[in-house]
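What follows is a short report on a single structure.
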Amino acid sequence: MISVNGTAIGEDLLQAEMANHQGEPDPRQSAGRELVLRELLLQRAHALGMAQDDPAASVSAVLAAEVQTPEADEAACRRYYEQHPQQFVSGALVEVWHILFQLTPRVDPRRLRARAGEVLQEAHRAPADAFGDFARQYSNCLSAQEGGRLGDIGRGETLPEFEQEVFAMPAHTLLDRLVQTRHGFHIVRTGRKVEGTLMAFDAVQARIASWLAQASERRATHQYLQWLAGQARIEGLDMPGADSPLLQ
């Protein structure tokens with residue numbers, strides 16, 4: 001039984017929350033941490049006189065009141081622009097094929113990853129033109145019908161974690177590791193690449209400022225949740241940190 005400052009978190013709530021954490025190595029532990037942090041914030045809302053009928057509104061009110069983050073100035077934006085030029089290239093394209101091993105609530109993530117890794121090794125041993133056959137046999141994506149081909153992908157057209165990997169790959173390459181996204185595990189191959197041109201700083205400054213503000217807010221919220229957990233009496237669950245989807 002998990003409890004937070006004497007308030008119990010029922011097994012029914014834990015089981016329901018686990019459905020949102022199937023991509024984690026330990027869905028039960030991850031779901032338990034999420035519920036503990038949510039309960040801590042709701043208790044804080046009551047202590048501050050901010051409690052509302054809607055629990056989500058109570059959580060938002062507490063975070064808005066107690067987590068303060070500075071806005072990113074022009075110097076910080078320019079440093080980010082100069083350190084990450086690849087993120088501000090216009091017209092960049094990469095041709096992509098993939099094989100998706102889809103995560104679902106009934107699938108064990110560790111076993112799925114292991115199976116995807118086995119297929120990846122087989123794909124590396126096979127001729128390059130055999131990738132389509134592997135996709136048609138194993139992929140859980142509709143693109144399997146086209147041999148796994150996703151076509152030409154531009155910046156901002158796919159999940160950030162997927163985009164980061166495929167744009168970092170050389171042309172005509174089969175990645176030697178799996179790419180994990182919220183959908184599952186991907187085996188990825190690239191075709192041709194178009195490098196694109198660097199956008200001017202003035203054209204992207206507002207976007208960078210927004211990104212930096214969001215990152216700063218996530219760090220500050222993480223520290224705040226760690227502080228709340230450190231002040232609380234939590235039983236039935238290990239809480240080494242305060243990582244949580246609440247931060248996303």
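Naming works like this for the structure tokens: A, B, ... for the chains as they're shown, residue 1 at the start of each chain, ligands 1 onward in shown order.
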Find the spatial neighbours of stretch 17-31 of chain A, counting only C-alpha atoms, within a cut-off of 12 Å - ignore same-chain residues fewer than 6 positions away - and output them as a PyMOL selection string. chain A and resi 2+9-11+37-38+101-113+180-185+236-246
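Using only C-alpha atoms, the contacts of A:Ala213 at a cut-off of 9 Å, with sequence neighbours closer than 2 positions omitted, comprise Thr69, Pro70, Glu71, Ala72, Ile208, Ala209, Ser210, Trp211, Ala215, Ser216, Glu217 and Arg218 of chain A.
Relative to atom CA of A:Ala61, atom CA of A:Leu212 is found at 21.9 Å.
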Could you work out how far atom CA of A:Ser3 lies from atom CA of A:Gln15, giving the answer in Å with one decimal? 15.3 Å
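Distance annotation: of A:Ala57, A:Leu174, A:Ile234, A:Ala220, the residue with the minimal separation from A:His186 is A:Leu174; atom set is only C-alpha atoms.
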Nearest residue to A:Leu120 from the set A:Arg136, A:His222, A:Arg189, A:Arg44 (distances using only C-alpha atoms): A:Arg189
